[in-house]
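Chemist: Before I ask anything, let me first share the structure, which is written out below as structure tokens.
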Amino acid sequence: MDVSQLSPANLGLFAVVGGVAALAAIGVVAFPSAVRSALCLVVNFFMLAFLYFTLNCEMLGITQIVVYTGAIMVLFLFVIMLLNLGAPQALIERRDLKWIGGGIFGLALLVVVGSQVLQPLMKVTQVKSEATFGSPQQVGLTLFSDYVYPFEIVSVLLLIGIVGSILLAKRRMQ
Amino acid sequence: MGWYHHLNPVFQDVLNALGRVLLFLVPVLILVPGCIWWERRFLSWMQDRIGPNRVGNISWSKKSKLVPGFLKGKKWHLRGLLQPIADGVKLFIKEDITPSTIDRTIYFFAPAVALFPAFALGGVLPWGPNRNLTPIADVNIGVLYMLAVSSLGVYGVVLAGYASNNKYSLMGGLRSSAQLISYELAMGMSLACIVLANGSLRLTDMVQAQMAPLWGYVPFLQNWFIFTPFGFVSACIFLICMVAETNRAPFDLPEAENELIAGYHTEYSSMKFAVFFMGEYAAMFVFSGVFATVFLGGWNLLPVRWDALGHSSFVDAMVWMNTYLSPLWFFGKCAFGITTYIWIRATLPRLRYDQLMSLGWKSLLPLATGNFIVVAIWIMLTKVYGPAVGWGSSLVALFIVFGIYRAFMHGPKSKRDLEPRQIRLLDPSPRNVTLVNPEPEVTA
């Protein structure tokens with residue numbers, strides 16, 4: 001894709017949103033305080049949602065906010081506060097060989113993911129998806145036609161999860 | 001408007017969007033102080049008090065040359081309407097106390113985070129039929145957008161509670177996060193029923209669908225969703241969840257005064273507290289707008305389909321009013337919603353934490369889910385066999401549910417549940433205390 005095709009306004013918007021997302025992603029691992037890290041993750045998810053919006057995928061973006069920012073991260077914060085992990089010094093790690101091993105594995109993961117993702121990305125010629133792509137109607141139709149069996153199986157899996165958690169909670173009450 | 005057409009189309013879009021934002025935000029910002037005044041006056045009327053009725057009584061001078069002639073010697077009685085201005089000035093010039101051992105960044109950030117979703121929620125609400133002026137963004141995921149933004153409301157409270165480094169504040173934040181997560185589910189489910197009946201997530205489509213004939217039968221009445229049986233159930237659930245989402249009484253556990261001082265905003269003073277306060281009222285206002293849009297026919301004045309009534313001067317006048325004065329009706333419905341909020345606050349005592357959880361998870365969520373199933377079956381029957389079969393089978397279902405309710409809830413078990421609580425004194429023997437007159441003090 002030729003970057004010069006894009007208007008400067010679009011490029012600027014992408015640079016701001018993508019840059020903040022990348023900075024927030026770094027912040028998630030860089031901050032010593034658990035709450036700060038969680039907040040950085042919230043910002044990151046939010047910026048990803050904005051990126052989806054700029055690509056005409058409103059449904060995807062809003063689902064990102066509903067599920068991750070609105071529900072999962074609130075639970076994360078809830079747990080962090082409940083465990084009172086506020087003290088920053090509690091999370092400073094010793095620097096030992098684990099660090100090197102982790103770095104090597106991280107790099108390996110980057111190479112594996114990059115080799116799979118970069119090649120298709122280079123072939124992209126269109127900046128935006130079509131206006132109807134990812135609309136609620138299309139997502140619904142696809143879920144209930146092509147992917148109806150996986151969808152139902154996943155819903156049964158979730159149901160099993162709920163029933164299991166209720167059972168676990170019940171046992172304690174006896 | 002020549003300069004406008006010479007602009008780059010991108011800037012034209014930006015200007016249009018900005019205009020739409022201002023057209024929604026400015027009325028809300030103007031009406032929020034009015035809401036505060038209305039809450040205080042209405043609440044005091046319900047509690048047999050007077051409330052703030054003094055600020056705004058102006059007596060114009062009879063002699064001064066600075067006063068224009070028609071005002072000389074006049075007395076204005078604004079019934080305390082200027083009280084919010086006085087309060088605002090007080091909040092501005094109050095000393096801003098910041099505790100020393102707080103998480104400073106998050107502490108300053110939290111009020112802004114609390115204010116953001118309150119205003120952002122209005123982004124998809126249409127206040128009139130003109131698509132160029134409203135809503136700010138007519139996206140095809142309007143309802144999901146609302147759920148997403150209202151789920152962000154918890155962050156301001158949680159962050160304020162955490163950053164204050166105060167046990168009571170933290171308790172308020174924790175309660176708030178648990179409460180909002182619990183009530184979001186029922187809220188989403190109740191909205192899903194309406195989406196199912198409506199077939200679109202777009203809020204303008206939702207208003208359009210409510211302008212159809214009532215129940216598919218009555219041609220001169222509008223089909224406001226609150227008049228349909230499933231819509232009424234959804235509206236009740238949504239109303240309860242909406243009160244819970246805005247942390248208002250009886251769901252004001254995050255700031256329960258007698259337990260937590262002031263909950264999450266204990267450590268906030270001056271303008272930062274005012275921002276929380278404003279956010280709460282703006283959220284009330286905008287949630288009332290959501291309720292009006294989804295259940296009360298949006299910007300329509302009355303549930304009457306004027307175009308089905310033929311043509312007369314009265315009908316034409318009503319159509320004109322309905323179309324061109326639509327913001328009045330929309331904001332009027334918001335005011336009605338706020339009055340409901342205040343009424344609920346004046347009526348119901350605060351819930352206990354376990355009552356809050358059991359109401360959300362054991363009553364509202366199953367009810368909303370059941371309603372969802374009913375709507376799905378109803379729509380299927382109506383589409384396949386016509387509306388008569390849909391209505392008939394739902395009536396039959398209602399009788400069955402009522403029968404089950406009678407069979408299970410009116411047995412001896414429920415009698416036992418309703419027994420009044422008894423208090424057992426540790427020393428049951430009646431106290432024989434004889435009152436003795438205190439001996440008069442002997443003074444020398």
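Simple scheme: letters A, B, ... for chains in structure tokens order, numbers from 1 for residues in each chain, numbers from 1 for ligands in the order shown.
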Got a sec: who's within 10 Å of stretch 89-100 of chain B, counting only C-alpha atoms, leaving out chain neighbours fewer than 2 positions off, as a list in words?

Modeler: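 With the cut-off at 10 Å, the set is Gln83, Pro84, Ile85, Ala86, Asp87, Ile102, Asp103, Arg104, Tyr107, Phe108, Ser164, Asn165, Asn166, Glu267, Tyr268, Ser269, Ser270, Met271, Lys272, Phe273 and Ala274 of chain B.
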
Chemist: If you count only C-alpha atoms, which residues fall within 12 Å of B:Ala160, apart from same-chain ones fewer than 2 positions away, as a PyMOL selection string?

Modeler: chain B and resi 102-114+153-158+162-174+176-177+254-255+262-268+272-273+276

Chemist: Counting only C-alpha atoms, what are the residues of chain B within 7 Å of chain A, and for each of them which pair of atoms is the nearest and at what distance in Å, to one decimal? Sort the table by chain and rising number, as a Markdown table.

Modeler:
| residue | atom | partner | partner_atom | distance |
| --- | --- | --- | --- | --- |
| B:Ile141 | CA | A:Met59 | CA | 6.5 |
| B:Leu144 | CA | A:Ile62 | CA | 6.7 |
| B:Tyr145 | CA | A:Ile62 | CA | 6.2 |
| B:Leu147 | CA | A:Val66 | CA | 6.9 |
| B:Ala148 | CA | A:Val66 | CA | 4.5 |
| B:Ser151 | CA | A:Gly70 | CA | 4.9 |
| B:Leu152 | CA | A:Gly70 | CA | 5.6 |
| B:Leu174 | CA | A:Phe78 | CA | 6.4 |
| B:Ser177 | CA | A:Phe78 | CA | 6.8 |
| B:Ile181 | CA | A:Ala71 | CA | 6.9 |

Chemist: Got time to write the residues from that selection, C-alpha atoms, as a PDB file, in the first residue's frame?

Modeler:
ATOM      1  CA  ILE B 141     -24.892   0.440  16.492  1.00  0.00           C
ATOM      2  CA  LEU B 144     -24.458  -0.944  21.703  1.00  0.00           C
ATOM      3  CA  TYR B 145     -22.787   2.455  21.832  1.00  0.00           C
ATOM      4  CA  LEU B 147     -24.228   0.237  26.616  1.00  0.00           C
ATOM      5  CA  ALA B 148     -20.514   0.716  25.965  1.00  0.00           C
ATOM      6  CA  SER B 151     -20.282   0.830  31.178  1.00  0.00           C
ATOM      7  CA  LEU B 152     -17.433   3.363  31.253  1.00  0.00           C
ATOM      8  CA  LEU B 174     -15.636  -1.290  45.129  1.00  0.00           C
ATOM      9  CA  SER B 177     -17.920  -1.425  40.365  1.00  0.00           C
ATOM     10  CA  ILE B 181     -21.431  -4.629  36.466  1.00  0.00           C
TER      11      ILE B 181
END

Chemist: Here is a test: counting only C-alpha atoms, which residue of A:Thr54, A:Asn44, A:Thr125, A:Ser33 is nearest to A:Ile80?

Modeler: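 Among the listed residues, the smallest separation from A:Ile80 belongs to A:Ser33.
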
Chemist: As a count of residues only, list the residues of stretch 95-258 of chain B assigned to helix (DSSP H, G or I) by DSSP on the backbone atoms of this structure.

Modeler: 107

Chemist: Out of stretch 213-253 of chain B, which residues get strand (DSSP E) from DSSP, as a VMD selection string?

Modeler: chain B and resid 213 to 214 218 to 222

Chemist: Neighbouring residues of B:Gly297 were defined as those with any atom within 9 Å, considering only C-alpha atoms; residues of the same chain fewer than 4 positions away were excluded. Please report them as JSON, numbers by chain.

Modeler: {"B": [206, 207, 208, 209, 210, 211, 222, 223, 224, 225, 226, 292, 293, 301, 302, 303]}

Chemist: Could you dump the residues just selected with all heavy atoms as a CSV table (one decimal), in the first residue's frame?

Modeler:
chain,number,residue,atom,x,y,z
B,206,MET,N,-35.4,3.4,15.8
B,206,MET,CA,-36.2,3.1,16.9
B,206,MET,C,-37.4,4.1,17.1
B,206,MET,O,-38.5,3.7,17.4
B,206,MET,CB,-35.3,3.0,18.2
B,206,MET,CG,-35.7,1.9,19.1
B,206,MET,SD,-34.4,1.8,20.3
B,206,MET,CE,-33.8,0.2,19.8
B,207,VAL,N,-37.0,5.3,17.0
B,207,VAL,CA,-38.1,6.4,17.1
B,207,VAL,C,-39.0,6.2,15.9
B,207,VAL,O,-40.3,6.3,16.1
B,207,VAL,CB,-37.4,7.8,17.0
B,207,VAL,CG1,-38.5,8.8,17.1
B,207,VAL,CG2,-36.5,8.0,18.2
B,208,GLN,N,-38.5,5.9,14.7
B,208,GLN,CA,-39.4,5.7,13.5
B,208,GLN,C,-40.3,4.6,13.8
B,208,GLN,O,-41.5,4.6,13.4
B,208,GLN,CB,-38.5,5.5,12.3
B,208,GLN,CG,-39.0,6.0,11.0
B,208,GLN,CD,-39.1,7.5,11.0
B,208,GLN,OE1,-38.2,8.2,11.6
B,208,GLN,NE2,-40.1,8.0,10.5
B,209,ALA,N,-39.8,3.5,14.4
B,209,ALA,CA,-40.6,2.3,14.6
B,209,ALA,C,-41.8,2.6,15.6
B,209,ALA,O,-42.8,2.0,15.5
B,209,ALA,CB,-39.8,1.1,15.1
B,210,GLN,N,-41.5,3.5,16.5
B,210,GLN,CA,-42.5,3.9,17.5
B,210,GLN,C,-43.6,4.7,16.9
B,210,GLN,O,-44.6,5.1,17.5
B,210,GLN,CB,-41.9,4.5,18.7
B,210,GLN,CG,-41.0,3.6,19.4
B,210,GLN,CD,-40.5,4.2,20.7
B,210,GLN,OE1,-41.2,4.4,21.6
B,210,GLN,NE2,-39.2,4.4,20.7
B,211,MET,N,-43.4,5.2,15.6
B,211,MET,CA,-44.5,6.0,15.0
B,211,MET,C,-45.4,5.1,14.2
B,211,MET,O,-46.3,5.6,13.5
B,211,MET,CB,-43.8,7.1,14.1
B,211,MET,CG,-43.2,8.2,14.9
B,211,MET,SD,-41.9,9.0,14.1
B,211,MET,CE,-42.8,10.1,13.1
B,222,GLN,N,-49.8,6.0,18.1
B,222,GLN,CA,-48.4,5.6,17.9
B,222,GLN,C,-48.0,4.4,18.8
B,222,GLN,O,-48.5,4.3,19.9
B,222,GLN,CB,-47.4,6.7,18.1
B,222,GLN,CG,-47.5,7.8,17.0
B,222,GLN,CD,-46.4,8.8,17.2
B,222,GLN,OE1,-45.8,8.9,18.3
B,222,GLN,NE2,-46.2,9.6,16.2
B,223,ASN,N,-47.2,3.6,18.3
B,223,ASN,CA,-46.8,2.3,19.0
B,223,ASN,C,-45.6,2.6,19.9
B,223,ASN,O,-44.5,2.1,19.6
B,223,ASN,CB,-46.4,1.2,17.9
B,223,ASN,CG,-46.3,-0.1,18.6
B,223,ASN,OD1,-46.8,-0.4,19.6
B,223,ASN,ND2,-45.6,-1.0,17.9
B,224,TRP,N,-45.7,3.5,20.9
B,224,TRP,CA,-44.6,3.7,21.8
B,224,TRP,C,-44.4,2.3,22.6
B,224,TRP,O,-45.3,1.7,23.0
B,224,TRP,CB,-45.0,4.8,22.8
B,224,TRP,CG,-45.0,6.1,22.2
B,224,TRP,CD1,-45.0,6.4,20.9
B,224,TRP,CD2,-45.1,7.4,22.9
B,224,TRP,NE1,-45.0,7.7,20.7
B,224,TRP,CE2,-45.1,8.4,21.9
B,224,TRP,CE3,-45.3,7.7,24.2
B,224,TRP,CZ2,-45.2,9.7,22.2
B,224,TRP,CZ3,-45.4,9.1,24.5
B,224,TRP,CH2,-45.3,10.0,23.5
B,225,PHE,N,-43.1,2.0,22.7
B,225,PHE,CA,-42.8,0.7,23.2
B,225,PHE,C,-43.3,0.5,24.7
B,225,PHE,O,-43.5,-0.6,25.1
B,225,PHE,CB,-41.3,0.4,23.1
B,225,PHE,CG,-40.9,0.1,21.7
B,225,PHE,CD1,-39.8,0.7,21.1
B,225,PHE,CD2,-41.6,-0.8,21.0
B,225,PHE,CE1,-39.4,0.4,19.9
B,225,PHE,CE2,-41.2,-1.1,19.7
B,225,PHE,CZ,-40.1,-0.5,19.1
B,226,ILE,N,-43.5,1.6,25.4
B,226,ILE,CA,-43.9,1.4,26.8
B,226,ILE,C,-45.4,0.9,26.8
B,226,ILE,O,-45.9,0.4,27.8
B,226,ILE,CB,-43.7,2.7,27.6
B,226,ILE,CG1,-43.8,2.4,29.1
B,226,ILE,CG2,-44.7,3.7,27.2
B,226,ILE,CD1,-43.2,3.5,29.9
B,292,ALA,N,-36.5,8.1,27.2
B,292,ALA,CA,-37.5,8.8,26.3
B,292,ALA,C,-37.4,8.3,24.9
B,292,ALA,O,-38.4,8.0,24.3
B,292,ALA,CB,-37.3,10.3,26.4
B,293,THR,N,-36.2,8.1,24.4
B,293,THR,CA,-36.0,7.7,23.0
B,293,THR,C,-36.4,6.3,22.8
B,293,THR,O,-37.0,6.0,21.8
B,293,THR,CB,-34.5,7.9,22.6
B,293,THR,OG1,-34.1,9.2,23.0
B,293,THR,CG2,-34.3,7.7,21.2
B,301,LEU,N,-44.6,14.4,20.5
B,301,LEU,CA,-45.3,15.1,21.6
B,301,LEU,C,-46.3,14.1,22.2
B,301,LEU,O,-46.2,13.8,23.4
B,301,LEU,CB,-46.0,16.3,21.1
B,301,LEU,CG,-47.0,17.0,22.0
B,301,LEU,CD1,-46.3,17.3,23.3
B,301,LEU,CD2,-47.6,18.2,21.4
B,302,LEU,N,-47.2,13.6,21.4
B,302,LEU,CA,-48.2,12.7,21.9
B,302,LEU,C,-48.2,11.4,21.1
B,302,LEU,O,-47.8,11.4,20.0
B,302,LEU,CB,-49.6,13.4,21.8
B,302,LEU,CG,-49.9,14.6,22.7
B,302,LEU,CD1,-51.1,15.3,22.3
B,302,LEU,CD2,-50.0,14.1,24.1
B,303,PRO,N,-48.7,10.3,21.7
B,303,PRO,CA,-48.7,9.1,20.9
B,303,PRO,C,-49.9,9.0,19.9
B,303,PRO,O,-50.7,8.1,19.9
B,303,PRO,CB,-48.9,8.0,22.0
B,303,PRO,CG,-49.5,8.7,23.1
B,303,PRO,CD,-49.1,10.1,23.1

Chemist: Provide the atom CA of B:Arg305 to atom CA of B:Leu121 distance in Å, to one decimal place.

Modeler: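 So the two atoms, atom CA of B:Arg305 and atom CA of B:Leu121, lie 29.1 Å apart.
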
Chemist: Distance atom CA of B:Val374-atom CA of B:Gly392, one decimal place?

Modeler: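 About the pair atom CA of B:Val374 and atom CA of B:Gly392: they are 12.9 Å apart.
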